[in-house]
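Here is the file protein.pdb (PDB, C-alpha atoms).
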```
ATOM      1  CA  MET V   1     -43.586 -12.647  45.682
ATOM      2  CA  TYR V   2     -42.997 -15.421  43.187
ATOM      3  CA  ARG V   3     -40.261 -14.864  40.603
ATOM      4  CA  GLY V   4     -39.710 -17.666  38.134
ATOM      5  CA  SER V   5     -40.222 -18.530  34.500
ATOM      6  CA  SER V   6     -42.424 -16.182  32.480
ATOM      7  CA  TRP V   7     -44.875 -17.245  29.769
ATOM      8  CA  SER V   8     -42.532 -15.871  27.072
ATOM      9  CA  GLU V   9     -39.863 -18.357  28.189
ATOM     10  CA  LEU V  10     -42.192 -21.306  27.542
ATOM     11  CA  THR V  11     -43.305 -22.933  24.291
ATOM     12  CA  PRO V  12     -47.125 -22.437  24.127
ATOM     13  CA  GLU V  13     -47.220 -23.554  20.484
ATOM     14  CA  LYS V  14     -47.056 -27.122  21.819
ATOM     15  CA  LEU V  15     -50.611 -26.662  23.094
ATOM     16  CA  LYS V  16     -51.766 -27.140  19.501
ATOM     17  CA  ASP V  17     -51.171 -30.809  20.166
ATOM     18  CA  LEU V  18     -54.443 -32.058  21.716
ATOM     19  CA  THR V  19     -52.688 -34.609  23.899
ATOM     20  CA  CYS V  20     -50.335 -31.992  25.333
ATOM     21  CA  ALA V  21     -53.212 -29.560  25.828
ATOM     22  CA  HIS V  22     -55.228 -32.176  27.745
ATOM     23  CA  GLU V  23     -52.278 -33.008  30.000
ATOM     24  CA  TYR V  24     -51.775 -29.329  30.747
ATOM     25  CA  ALA V  25     -55.453 -28.792  31.574
ATOM     26  CA  VAL V  26     -55.447 -31.735  33.993
ATOM     27  CA  ALA V  27     -52.234 -30.553  35.679
ATOM     28  CA  VAL V  28     -53.588 -27.042  36.165
ATOM     29  CA  SER V  29     -56.908 -28.355  37.497
ATOM     30  CA  ASN V  30     -55.164 -30.518  40.060
ATOM     31  CA  ARG V  31     -52.991 -27.626  41.229
ATOM     32  CA  PHE V  32     -55.977 -25.321  41.680
ATOM     33  CA  ASP V  33     -57.232 -27.439  44.577
ATOM     34  CA  VAL V  34     -54.987 -25.538  46.986
ATOM     35  CA  LEU V  35     -56.406 -22.126  46.029
ATOM     36  CA  GLY V  36     -59.638 -22.545  47.969
ATOM     37  CA  ALA V  37     -57.896 -22.350  51.336
ATOM     38  CA  LEU V  38     -56.206 -18.996  50.574
ATOM     39  CA  GLU V  39     -57.800 -15.666  51.557
ATOM     40  CA  ASP V  40     -55.016 -13.081  51.013
ATOM     41  CA  PRO V  41     -55.332 -11.727  47.424
ATOM     42  CA  VAL V  42     -51.562 -11.290  47.021
ATOM     43  CA  GLU V  43     -50.827 -14.792  48.209
ATOM     44  CA  LEU V  44     -53.681 -16.105  46.068
ATOM     45  CA  TRP V  45     -52.252 -14.451  42.948
ATOM     46  CA  ASP V  46     -48.686 -15.604  43.633
ATOM     47  CA  THR V  47     -49.853 -19.161  44.181
ATOM     48  CA  PHE V  48     -52.016 -19.116  41.053
ATOM     49  CA  LYS V  49     -49.167 -17.780  38.940
ATOM     50  CA  ARG V  50     -46.607 -20.161  40.372
ATOM     51  CA  GLU V  51     -48.746 -23.263  39.962
ATOM     52  CA  THR V  52     -49.877 -22.317  36.452
ATOM     53  CA  LEU V  53     -46.361 -21.686  35.198
ATOM     54  CA  GLN V  54     -45.003 -24.752  36.955
ATOM     55  CA  ALA V  55     -47.629 -26.922  35.280
ATOM     56  CA  ALA V  56     -46.806 -25.349  31.922
ATOM     57  CA  LYS V  57     -43.105 -25.888  32.483
ATOM     58  CA  GLU V  58     -43.663 -29.572  33.209
ATOM     59  CA  CYS V  59     -46.110 -30.182  30.368
ATOM     60  CA  ILE V  60     -44.982 -28.019  27.468
ATOM     61  CA  GLY V  61     -41.387 -27.218  28.472
ATOM     62  CA  GLU V  62     -39.218 -24.082  28.178
ATOM     63  CA  ARG V  63     -37.742 -22.496  25.080
ATOM     64  CA  PRO V  64     -34.082 -23.266  24.399
ATOM     65  CA  ARG V  65     -32.075 -20.448  25.889
ATOM     66  CA  SER V  66     -30.278 -18.215  23.417
ATOM     67  CA  ARG V  67     -26.520 -18.089  23.871
ATOM     68  CA  ARG V  68     -25.851 -15.171  21.541
ATOM     69  CA  GLY V  69     -23.689 -17.466  19.458
ATOM     70  CA  PHE V  70     -20.763 -17.713  21.855
ATOM     71  CA  VAL V  71     -21.879 -17.736  25.536
ATOM     72  CA  SER V  72     -21.006 -21.033  27.212
ATOM     73  CA  THR V  73     -23.150 -23.006  29.661
ATOM     74  CA  GLU V  74     -20.772 -22.144  32.498
ATOM     75  CA  THR V  75     -21.205 -18.443  31.798
ATOM     76  CA  LEU V  76     -24.991 -18.746  31.657
ATOM     77  CA  GLU V  77     -24.971 -20.463  35.036
ATOM     78  CA  LYS V  78     -22.866 -17.648  36.491
ATOM     79  CA  ILE V  79     -25.313 -15.118  35.062
ATOM     80  CA  ASP V  80     -28.193 -16.904  36.787
ATOM     81  CA  GLU V  81     -26.260 -17.036  40.063
ATOM     82  CA  SER V  82     -25.445 -13.341  39.813
ATOM     83  CA  ARG V  83     -29.076 -12.464  39.167
ATOM     84  CA  ALA V  84     -30.213 -14.618  42.066
ATOM     85  CA  ALA V  85     -27.707 -12.928  44.378
ATOM     86  CA  ARG V  86     -28.923  -9.500  43.259
ATOM     87  CA  LEU V  87     -32.561 -10.420  43.845
ATOM     88  CA  ALA V  88     -31.675 -11.816  47.255
ATOM     89  CA  GLY V  89     -29.996  -8.541  48.199
ATOM     90  CA  ASN V  90     -26.531 -10.072  48.614
ATOM     91  CA  GLN V  91     -24.498  -7.234  47.102
ATOM     92  CA  ASP V  92     -21.028  -8.613  47.882
ATOM     93  CA  GLN V  93     -21.783 -11.945  46.262
ATOM     94  CA  HIS V  94     -23.461 -10.174  43.338
ATOM     95  CA  ARG V  95     -20.387  -8.008  42.668
ATOM     96  CA  ALA V  96     -18.052 -10.996  42.848
ATOM     97  CA  LEU V  97     -20.243 -13.022  40.497
ATOM     98  CA  SER V  98     -20.570 -10.066  38.121
ATOM     99  CA  ARG V  99     -16.792  -9.780  37.853
ATOM    100  CA  ARG V 100     -16.517 -13.495  37.241
ATOM    101  CA  THR V 101     -19.273 -13.295  34.619
ATOM    102  CA  ARG V 102     -17.490 -10.528  32.722
ATOM    103  CA  THR V 103     -14.281 -12.552  32.710
ATOM    104  CA  LEU V 104     -16.102 -15.592  31.365
ATOM    105  CA  LEU V 105     -17.854 -13.516  28.703
ATOM    106  CA  TRP V 106     -14.521 -12.126  27.476
ATOM    107  CA  ARG V 107     -13.129 -15.643  27.365
ATOM    108  CA  ASP V 108     -16.137 -16.961  25.441
ATOM    109  CA  LYS V 109     -16.039 -14.071  22.988
ATOM    110  CA  GLU V 110     -12.337 -14.587  22.333
ATOM    111  CA  ARG V 111     -12.857 -18.293  21.708
ATOM    112  CA  TYR V 112     -15.758 -17.508  19.395
ATOM    113  CA  VAL V 113     -13.813 -14.959  17.363
ATOM    114  CA  ARG V 114     -10.776 -17.221  17.127
ATOM    115  CA  SER V 115     -12.999 -20.051  15.927
ATOM    116  CA  LEU V 116     -14.561 -17.853  13.245
ATOM    117  CA  ALA V 117     -11.133 -16.617  12.160
ATOM    118  CA  GLU V 118      -9.912 -20.196  11.802
ATOM    119  CA  ASP V 119     -13.029 -21.028   9.778
ATOM    120  CA  VAL V 120     -12.411 -18.053   7.490
ATOM    121  CA  GLU V 121      -8.801 -19.066   6.983
ATOM    122  CA  GLY V 122      -9.757 -22.649   6.253
ATOM    123  CA  HIS V 123     -12.443 -21.688   3.738
ATOM    124  CA  LEU V 124     -10.129 -19.211   2.029
ATOM    125  CA  ASN V 125      -7.433 -21.846   1.677
ATOM    126  CA  ALA V 126     -10.036 -24.141   0.141
ATOM    127  CA  ASN V 127     -11.270 -21.303  -2.112
ATOM    128  CA  ASP V 128     -14.754 -21.729  -0.631
ATOM    129  CA  LEU V 129     -16.033 -18.157  -0.494
ATOM    130  CA  ARG V 130     -19.655 -18.523   0.580
ATOM    131  CA  PRO V 131     -18.900 -19.867   4.092
ATOM    132  CA  THR V 132     -16.141 -17.263   4.302
ATOM    133  CA  TYR V 133     -18.610 -14.429   3.733
ATOM    134  CA  ARG V 134     -21.019 -15.914   6.270
ATOM    135  CA  ALA V 135     -18.290 -16.049   8.912
ATOM    136  CA  LEU V 136     -17.173 -12.503   8.137
ATOM    137  CA  LYS V 137     -20.770 -11.325   8.415
ATOM    138  CA  LYS V 138     -20.930 -12.765  11.923
ATOM    139  CA  LEU V 139     -17.777 -10.893  12.875
ATOM    140  CA  ARG V 140     -19.103  -7.612  11.519
ATOM    141  CA  SER V 141     -20.787  -5.273  13.965
ATOM    142  CA  LYS V 142     -24.519  -4.929  13.401
ATOM    143  CA  SER V 143     -24.847  -1.600  15.147
ATOM    144  CA  PRO V 144     -25.517   1.237  12.675
ATOM    145  CA  SER V 145     -23.146   4.144  12.539
ATOM    146  CA  ARG V 146     -24.415   7.261  14.219
ATOM    147  CA  ALA V 147     -23.564  10.720  12.969
ATOM    148  CA  SER V 148     -23.511  13.381  15.655
ATOM    149  CA  ALA V 149     -23.788  17.092  15.059
ATOM    150  CA  ILE V 150     -20.649  19.219  14.796
ATOM    151  CA  ARG V 151     -20.155  22.955  15.110
ATOM    152  CA  THR V 152     -19.171  25.278  12.302
ATOM    153  CA  ALA V 153     -16.636  28.074  12.678
ATOM    154  CA  ASP V 154     -19.406  30.484  13.735
ATOM    155  CA  GLY V 155     -20.836  28.071  16.329
ATOM    156  CA  ARG V 156     -23.810  26.642  14.408
ATOM    157  CA  LEU V 157     -24.649  22.940  14.754
ATOM    158  CA  VAL V 158     -24.566  20.912  11.537
ATOM    159  CA  SER V 159     -26.041  17.408  11.422
ATOM    160  CA  ASP V 160     -26.513  16.712   7.695
ATOM    161  CA  MET V 161     -23.756  14.820   5.902
ATOM    162  CA  ASP V 162     -23.055  17.477   3.249
ATOM    163  CA  GLY V 163     -22.697  20.214   5.839
ATOM    164  CA  GLN V 164     -20.408  18.101   7.985
ATOM    165  CA  MET V 165     -18.201  17.172   5.032
ATOM    166  CA  ALA V 166     -17.893  20.839   4.084
ATOM    167  CA  ARG V 167     -17.000  21.751   7.668
ATOM    168  CA  TRP V 168     -14.346  19.030   7.922
ATOM    169  CA  ALA V 169     -12.848  20.137   4.592
ATOM    170  CA  GLU V 170     -12.707  23.712   5.891
ATOM    171  CA  TYR V 171     -11.174  22.601   9.188
ATOM    172  CA  PHE V 172      -8.454  20.434   7.671
ATOM    173  CA  GLY V 173      -7.711  23.103   5.075
ATOM    174  CA  GLN V 174      -7.044  25.601   7.850
ATOM    175  CA  SER V 175      -4.973  23.019   9.732
ATOM    176  CA  ASN V 176      -2.814  22.346   6.676
ATOM    177  CA  VAL V 177      -2.235  26.066   6.134
ATOM    178  CA  MET V 178      -1.189  26.528   9.753
ATOM    179  CA  ALA V 179       1.017  23.438   9.563
ATOM    180  CA  CYS V 180       2.704  24.769   6.416
ATOM    181  CA  GLU V 181       3.265  28.140   8.044
ATOM    182  CA  ARG V 182       4.696  26.451  11.119
ATOM    183  CA  ARG V 183       6.960  24.160   9.095
ATOM    184  CA  SER V 184       8.111  27.035   6.886
ATOM    185  CA  THR V 185       9.511  28.794   9.961
ATOM    186  CA  ASP V 186      11.393  25.716  11.179
ATOM    187  CA  VAL V 187      15.159  25.969  10.952
ATOM    188  CA  VAL V 188      16.644  23.307   8.694
ATOM    189  CA  TRP V 189      19.397  21.206  10.217
ATOM    190  CA  LEU V 190      22.910  22.233   9.202
ATOM    191  CA  LEU V 191      21.655  25.212   7.173
ATOM    192  CA  GLU V 192      20.500  27.053  10.301
ATOM    193  CA  LYS V 193      17.907  28.747   8.080
ATOM    194  CA  SER V 194      14.285  28.126   7.140
ATOM    195  CA  PRO V 195      13.140  26.787   3.753
ATOM    196  CA  THR V 196      12.340  29.562   1.313
ATOM    197  CA  SER V 197      10.169  29.959  -1.766
ATOM    198  CA  SER V 198      12.203  32.719  -3.424
ATOM    199  CA  PHE V 199      15.741  33.956  -3.952
ATOM    200  CA  PRO V 200      16.998  37.402  -2.906
ATOM    201  CA  GLY V 201      17.354  38.199  -6.612
ATOM    202  CA  ASN V 202      20.268  40.631  -6.507
ATOM    203  CA  ARG V 203      22.907  37.879  -6.566
ATOM    204  CA  LEU V 204      23.272  34.493  -8.174
ATOM    205  CA  PRO V 205      21.812  31.783  -5.896
ATOM    206  CA  SER V 206      24.149  30.017  -3.508
ATOM    207  CA  ARG V 207      24.196  26.298  -2.830
ATOM    208  CA  GLY V 208      22.496  26.914   0.502
ATOM    209  CA  GLU V 209      19.714  28.991  -1.067
ATOM    210  CA  VAL V 210      19.068  26.318  -3.691
ATOM    211  CA  LEU V 211      18.912  23.699  -0.950
ATOM    212  CA  GLN V 212      16.447  25.855   0.991
ATOM    213  CA  MET V 213      14.336  26.147  -2.153
ATOM    214  CA  ILE V 214      14.101  22.432  -2.930
ATOM    215  CA  LEU V 215      13.371  21.659   0.730
ATOM    216  CA  PHE V 216      10.509  24.151   0.587
ATOM    217  CA  HIS V 217       8.942  22.551  -2.483
ATOM    218  CA  HIS V 218       9.557  18.972  -1.355
ATOM    219  CA  LYS V 219       8.952  19.099   2.404
ATOM    220  CA  ILE V 220       6.451  21.925   2.779
ATOM    221  CA  GLN V 221       4.633  22.040  -0.558
ATOM    222  CA  LYS V 222       4.702  18.213  -0.604
ATOM    223  CA  GLU V 223       5.862  18.012  -4.206
ATOM    224  CA  VAL V 224       7.531  14.793  -5.272
ATOM    225  CA  LEU V 225      11.301  15.086  -5.384
ATOM    226  CA  PHE V 226      11.636  15.376  -9.164
ATOM    227  CA  ALA V 227       8.852  17.966  -9.334
ATOM    228  CA  ALA V 228      10.500  19.916  -6.517
ATOM    229  CA  ALA V 229      13.795  19.828  -8.422
ATOM    230  CA  ALA V 230      12.028  21.089 -11.561
ATOM    231  CA  SER V 231      10.362  23.949  -9.654
ATOM    232  CA  THR V 232      13.687  24.899  -8.096
ATOM    233  CA  ALA V 233      15.531  24.698 -11.424
ATOM    234  CA  GLU V 234      12.998  27.017 -13.047
ATOM    235  CA  LYS V 235      13.556  29.705 -10.412
ATOM    236  CA  VAL V 236      17.349  29.295 -10.495
ATOM    237  CA  LEU V 237      17.403  29.684 -14.276
ATOM    238  CA  GLU V 238      15.213  32.765 -14.020
ATOM    239  CA  VAL V 239      17.832  34.500 -11.855
ATOM    240  CA  TRP V 240      20.648  33.520 -14.202
ATOM    241  CA  ARG V 241      18.697  34.782 -17.219
ATOM    242  CA  ARG V 242      18.274  38.156 -15.536
ATOM    243  CA  ALA V 243      22.032  38.199 -15.028
ATOM    244  CA  ASN V 244      22.411  37.663 -18.797
ATOM    245  CA  ILE V 245      24.764  34.706 -18.336
ATOM    246  CA  PRO V 246      24.499  31.596 -20.556
ATOM    247  CA  THR V 247      23.556  28.474 -18.572
ATOM    248  CA  SER V 248      23.701  24.734 -19.009
ATOM    249  CA  ASP V 249      20.717  22.696 -20.163
ATOM    250  CA  VAL V 250      17.742  22.540 -17.783
ATOM    251  CA  SER V 251      18.031  18.751 -17.425
ATOM    252  CA  TRP V 252      21.625  19.142 -16.248
ATOM    253  CA  VAL V 253      20.513  21.814 -13.768
ATOM    254  CA  LYS V 254      17.886  19.438 -12.325
ATOM    255  CA  LYS V 255      20.485  16.707 -11.916
ATOM    256  CA  LYS V 256      22.804  19.079 -10.106
ATOM    257  CA  ILE V 257      19.999  20.150  -7.749
ATOM    258  CA  LEU V 258      19.139  16.522  -6.998
ATOM    259  CA  LYS V 259      22.803  15.762  -6.365
ATOM    260  CA  LEU V 260      22.947  18.615  -3.840
ATOM    261  CA  TYR V 261      19.801  17.319  -2.132
ATOM    262  CA  GLU V 262      21.190  13.779  -1.975
ATOM    263  CA  GLU V 263      24.439  15.077  -0.529
ATOM    264  CA  TYR V 264      22.507  16.855   2.208
ATOM    265  CA  GLY V 265      20.318  13.793   2.807
ATOM    266  CA  ALA V 266      23.343  11.551   3.282
ATOM    267  CA  LEU V 267      24.683  13.886   5.947
ATOM    268  CA  ALA V 268      21.279  14.159   7.622
ATOM    269  CA  LYS V 269      21.045  10.380   7.989
ATOM    270  CA  SER V 270      24.219  10.345  10.062
ATOM    271  CA  LYS V 271      23.548  13.521  12.055
ATOM    272  CA  SER V 272      23.464  11.566  15.321
ATOM    273  CA  ARG V 273      27.034  10.382  14.814
ATOM    274  CA  LYS V 274      29.686  12.420  16.584
ATOM    275  CA  THR V 275      32.825  10.973  15.013
ATOM    276  CA  GLU V 276      35.632  13.188  13.789
ATOM    277  CA  THR V 277      35.098  12.100  10.188
ATOM    278  CA  GLU V 278      31.399  12.975  10.224
ATOM    279  CA  GLU V 279      32.059  16.328  11.854
ATOM    280  CA  MET V 280      34.618  17.136   9.160
ATOM    281  CA  LYS V 281      32.144  16.238   6.389
ATOM    282  CA  ARG V 282      29.517  18.512   7.927
ATOM    283  CA  CYS V 283      31.980  21.352   8.293
ATOM    284  CA  ILE V 284      33.079  21.112   4.650
ATOM    285  CA  PHE V 285      29.478  20.946   3.445
ATOM    286  CA  ARG V 286      28.408  23.866   5.648
ATOM    287  CA  ASP V 287      31.231  26.040   4.321
ATOM    288  CA  SER V 288      30.300  25.203   0.730
ATOM    289  CA  LEU V 289      26.733  26.447   1.190
ATOM    290  CA  GLU V 290      27.855  30.053   0.703
ATOM    291  CA  ASP V 291      29.425  29.239  -2.660
ATOM    292  CA  ILE V 292      27.610  30.041  -5.865
ATOM    293  CA  PHE V 293      25.404  27.315  -7.297
ATOM    294  CA  ASP V 294      27.264  27.448 -10.585
ATOM    295  CA  ILE V 295      25.213  26.419 -13.614
ATOM    296  CA  ALA V 296      27.053  28.598 -16.137
ATOM    297  CA  HIS V 297      27.652  27.140 -19.567
ATOM    298  CA  SER V 298      31.134  25.692 -20.037
ATOM    299  CA  LYS V 299      31.838  28.365 -22.686
ATOM    300  CA  ALA V 300      30.072  31.220 -20.928
ATOM    301  CA  MET V 301      33.253  33.291 -20.738
ATOM    302  CA  GLU V 302      33.683  32.945 -24.500
ATOM    303  CA  ALA V 303      30.118  33.954 -25.281
ATOM    304  CA  LYS V 304      29.250  37.298 -26.858
ATOM    305  CA  ILE V 305      27.959  39.013 -23.741
ATOM    306  CA  PRO V 306      28.966  42.333 -22.183
ATOM    307  CA  GLU V 307      32.245  42.325 -20.320
ATOM    308  CA  GLU V 308      30.549  43.563 -17.151
ATOM    309  CA  ASP V 309      28.403  40.410 -17.139
ATOM    310  CA  LYS V 310      31.522  38.256 -17.403
ATOM    311  CA  ALA V 311      33.134  40.269 -14.619
ATOM    312  CA  PHE V 312      30.010  39.802 -12.509
ATOM    313  CA  LEU V 313      30.181  36.011 -12.958
ATOM    314  CA  GLU V 314      33.863  35.918 -12.004
ATOM    315  CA  ALA V 315      33.195  38.061  -8.944
ATOM    316  CA  GLN V 316      30.300  35.852  -7.867
ATOM    317  CA  ARG V 317      32.458  32.757  -8.189
ATOM    318  CA  GLU V 318      35.126  34.303  -5.983
ATOM    319  CA  ASP V 319      32.890  36.011  -3.421
ATOM    320  CA  ARG V 320      29.113  36.267  -3.730
ATOM    321  CA  GLN V 321      28.957  39.179  -1.303
ATOM    322  CA  SER V 322      31.347  41.314  -3.350
ATOM    323  CA  CYS V 323      28.750  42.551  -5.833
ATOM    324  CA  SER V 324      25.144  42.402  -6.922
ATOM    325  CA  MET V 325      23.209  42.623 -10.161
ATOM    326  CA  SER V 326      22.864  46.384  -9.763
ATOM    327  CA  GLY V 327      26.628  46.672 -10.319
ATOM    328  CA  VAL V 328      29.918  45.592  -8.845
ATOM    329  CA  ASP V 329      31.016  47.026  -5.524
ATOM    330  CA  GLU V 330      33.620  49.732  -5.070
ATOM    331  CA  LYS V 331      36.436  47.226  -4.641
ATOM    332  CA  LEU V 332      35.675  45.640  -8.001
ATOM    333  CA  LYS V 333      35.428  49.070  -9.630
ATOM    334  CA  ARG V 334      38.823  50.062  -8.294
ATOM    335  CA  ALA V 335      40.341  46.761  -9.423
ATOM    336  CA  THR V 336      38.882  47.210 -12.892
ATOM    337  CA  GLY V 337      40.099  50.817 -13.053
ATOM    338  CA  GLU V 338      43.629  49.861 -12.071
ATOM    339  CA  ALA V 339      43.699  47.117 -14.696
ATOM    340  CA  THR V 340      42.723  49.552 -17.414
TER     341      THR V 340
END
```

Could you show the structure in this file as structure tokens?
Amino acid sequence: MYRGSSWSELTPEKLKDLTCAHEYAVAVSNRFDVLGALEDPVELWDTFKRETLQAAKECIGERPRSRRGFVSTETLEKIDESRAARLAGNQDQHRALSRRTRTLLWRDKERYVRSLAEDVEGHLNANDLRPTYRALKKLRSKSPSRASAIRTADGRLVSDMDGQMARWAEYFGQSNVMACERRSTDVVWLLEKSPTSSFPGNRLPSRGEVLQMILFHHKIQKEVLFAAAASTAEKVLEVWRRANIPTSDVSWVKKKILKLYEEYGALAKSKSRKTETEEMKRCIFRDSLEDIFDIAHSKAMEAKIPEEDKAFLEAQREDRQSCSMSGVDEKLKRATGEAT
């Protein structure tokens, strides 16, 4: 069976020219002379089609072949060879030519894209924006975006945009909550404790507890550092107010919290170092975490507050575990009784 050029590959609009139309009619008439000797209908049709298209190809010519903007002549020839091998049933040759064709197509596409990129760069340098936009439009994919259906939490399929956006918001909200819960249980390096959002409340906060608090607000709640320091300072001051002890100004408290955080951050940056000096710094810092985070006013001991509150502050400075806000422990009571 004849396989060759189709009518769509030709340029029939040239037949509007009377001279071309006459030449085509004569060529077809001459080629029809061989049809009278044929009796097989299939052979007759193949011969008729072949001779008609061949006459058209000679008289009116073929359409210029589209190269999709970047396909080279060499690649087009390989495509034709691959198609011919497939039609001939030569599978091995067809596979080899197909691989070669794909390689050539990648090469042509890369050259094409590089050329467009160079054009864009040149036009931008010349401040010529219109050709730049045309080149960028060629690089842009023309395929429309396709939205597929997604499932809700109860298994229903949602295909409309509003429903999908609501589902994604719900999904990422749950993911963030789980991530926060997971991060909140992580043990912080050097503290060997997890970040916390509250203080025990029965004692004045320690340096370690304040550090846990600011890490919670900054790392888990994702507050900026200064906001995290402000949130931490507010909770620290609340505990000190309940203890009825005069404190320093809130701005000074924030600065002290930030200084503690920076001190911890400096050690964390060098946590991979195993030198004796670094180990000593970590040991000193770790031991200081149990100390009180002292924000008492410089004249707190001279203030007009009950003596038991002053005694509580002194006891907390010496040993935080010795007493709580509900009263001093038995050791402190005995010491106070002996002094009186």

V:Leu76 environment, 10 Å, all atoms listed in the file, sequence neighbours closer than 2 positions dropped, as an NGL selection string: :V and (65-67 or 71-74 or 78-82 or 101 or 104-105)

Let's have the selection written as a compact mmCIF listing (two decimals), in the frame of the given file, with C-alpha atoms.
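After the write, again08.txt holds the following:
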```
# COMPACT_ATOMS: atom_id res chain seq x y z
CA ARG V 65 -32.08 -20.45 25.89
CA SER V 66 -30.28 -18.22 23.42
CA ARG V 67 -26.52 -18.09 23.87
CA VAL V 71 -21.88 -17.74 25.54
CA SER V 72 -21.01 -21.03 27.21
CA THR V 73 -23.15 -23.01 29.66
CA GLU V 74 -20.77 -22.14 32.50
CA LYS V 78 -22.87 -17.65 36.49
CA ILE V 79 -25.31 -15.12 35.06
CA ASP V 80 -28.19 -16.90 36.79
CA GLU V 81 -26.26 -17.04 40.06
CA SER V 82 -25.44 -13.34 39.81
CA THR V 101 -19.27 -13.30 34.62
CA LEU V 104 -16.10 -15.59 31.36
CA LEU V 105 -17.85 -13.52 28.70
```

Starting from the PyMOL selection byres ((chain V and resi 267-273) around 12), expand the selection into actual residues of this file and give them as a list in words.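 For this structure, the PyMOL selection byres ((chain V and resi 267-273) around 12) resolves to Val188, Trp189, Leu190, Leu191, Leu260, Tyr261, Glu262, Glu263, Tyr264, Gly265, Ala266, Lys274, Thr275, Glu276, Thr277, Glu278, Glu279, Met280, Lys281, Arg282, Cys283, Ile284, Phe285 and Arg286 of chain V.
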
Go ahead and write the residues just picked, C-alpha atoms, as a PDB file, in the coordinates of the input.
```
ATOM      1  CA  VAL V 188      16.644  23.307   8.694  1.00  0.00           C
ATOM      2  CA  TRP V 189      19.397  21.206  10.217  1.00  0.00           C
ATOM      3  CA  LEU V 190      22.910  22.233   9.202  1.00  0.00           C
ATOM      4  CA  LEU V 191      21.655  25.212   7.173  1.00  0.00           C
ATOM      5  CA  LEU V 260      22.947  18.615  -3.840  1.00  0.00           C
ATOM      6  CA  TYR V 261      19.801  17.319  -2.132  1.00  0.00           C
ATOM      7  CA  GLU V 262      21.190  13.779  -1.975  1.00  0.00           C
ATOM      8  CA  GLU V 263      24.439  15.077  -0.529  1.00  0.00           C
ATOM      9  CA  TYR V 264      22.507  16.855   2.208  1.00  0.00           C
ATOM     10  CA  GLY V 265      20.318  13.793   2.807  1.00  0.00           C
ATOM     11  CA  ALA V 266      23.343  11.551   3.282  1.00  0.00           C
ATOM     12  CA  LYS V 274      29.686  12.420  16.584  1.00  0.00           C
ATOM     13  CA  THR V 275      32.825  10.973  15.013  1.00  0.00           C
ATOM     14  CA  GLU V 276      35.632  13.188  13.789  1.00  0.00           C
ATOM     15  CA  THR V 277      35.098  12.100  10.188  1.00  0.00           C
ATOM     16  CA  GLU V 278      31.399  12.975  10.224  1.00  0.00           C
ATOM     17  CA  GLU V 279      32.059  16.328  11.854  1.00  0.00           C
ATOM     18  CA  MET V 280      34.618  17.136   9.160  1.00  0.00           C
ATOM     19  CA  LYS V 281      32.144  16.238   6.389  1.00  0.00           C
ATOM     20  CA  ARG V 282      29.517  18.512   7.927  1.00  0.00           C
ATOM     21  CA  CYS V 283      31.980  21.352   8.293  1.00  0.00           C
ATOM     22  CA  ILE V 284      33.079  21.112   4.650  1.00  0.00           C
ATOM     23  CA  PHE V 285      29.478  20.946   3.445  1.00  0.00           C
ATOM     24  CA  ARG V 286      28.408  23.866   5.648  1.00  0.00           C
TER      25      ARG V 286
END
```

Counting all atoms listed in the file, write as a list in words all protein and nucleic acid residues lying at most 10 Å from (-17.1, -17.0, 18.2) in the file's frame. Arg68, Gly69, Phe70, Val71, Asp108, Lys109, Glu110, Arg111, Tyr112, Val113, Arg114, Ser115, Leu116, Ala117, Ala135, Lys138 and Leu139 of chain V

Let me see the file: selected residues, C-alpha atoms, as an mmCIF file, keeping the file's coordinate frame.
```cif
data_model
loop_
_atom_site.group_PDB
_atom_site.id
_atom_site.type_symbol
_atom_site.label_atom_id
_atom_site.label_comp_id
_atom_site.auth_asym_id
_atom_site.auth_seq_id
_atom_site.Cartn_x
_atom_site.Cartn_y
_atom_site.Cartn_z
ATOM 1 C CA ARG V 68 -25.851 -15.171 21.541
ATOM 2 C CA GLY V 69 -23.689 -17.466 19.458
ATOM 3 C CA PHE V 70 -20.763 -17.713 21.855
ATOM 4 C CA VAL V 71 -21.879 -17.736 25.536
ATOM 5 C CA ASP V 108 -16.137 -16.961 25.441
ATOM 6 C CA LYS V 109 -16.039 -14.071 22.988
ATOM 7 C CA GLU V 110 -12.337 -14.587 22.333
ATOM 8 C CA ARG V 111 -12.857 -18.293 21.708
ATOM 9 C CA TYR V 112 -15.758 -17.508 19.395
ATOM 10 C CA VAL V 113 -13.813 -14.959 17.363
ATOM 11 C CA ARG V 114 -10.776 -17.221 17.127
ATOM 12 C CA SER V 115 -12.999 -20.051 15.927
ATOM 13 C CA LEU V 116 -14.561 -17.853 13.245
ATOM 14 C CA ALA V 117 -11.133 -16.617 12.160
ATOM 15 C CA ALA V 135 -18.290 -16.049 8.912
ATOM 16 C CA LYS V 138 -20.930 -12.765 11.923
ATOM 17 C CA LEU V 139 -17.777 -10.893 12.875
#
```

Please tell me which residues are no farther than 7 Å from (23.4, 28.1, -9.5) in the file, counting all atoms listed in the file, and write them as a list in words.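 Here the neighbourhood of the point contains Leu204, Pro205, Ser206, Arg207, Val236, Ile292, Phe293, Asp294 and Ile295 of chain V.
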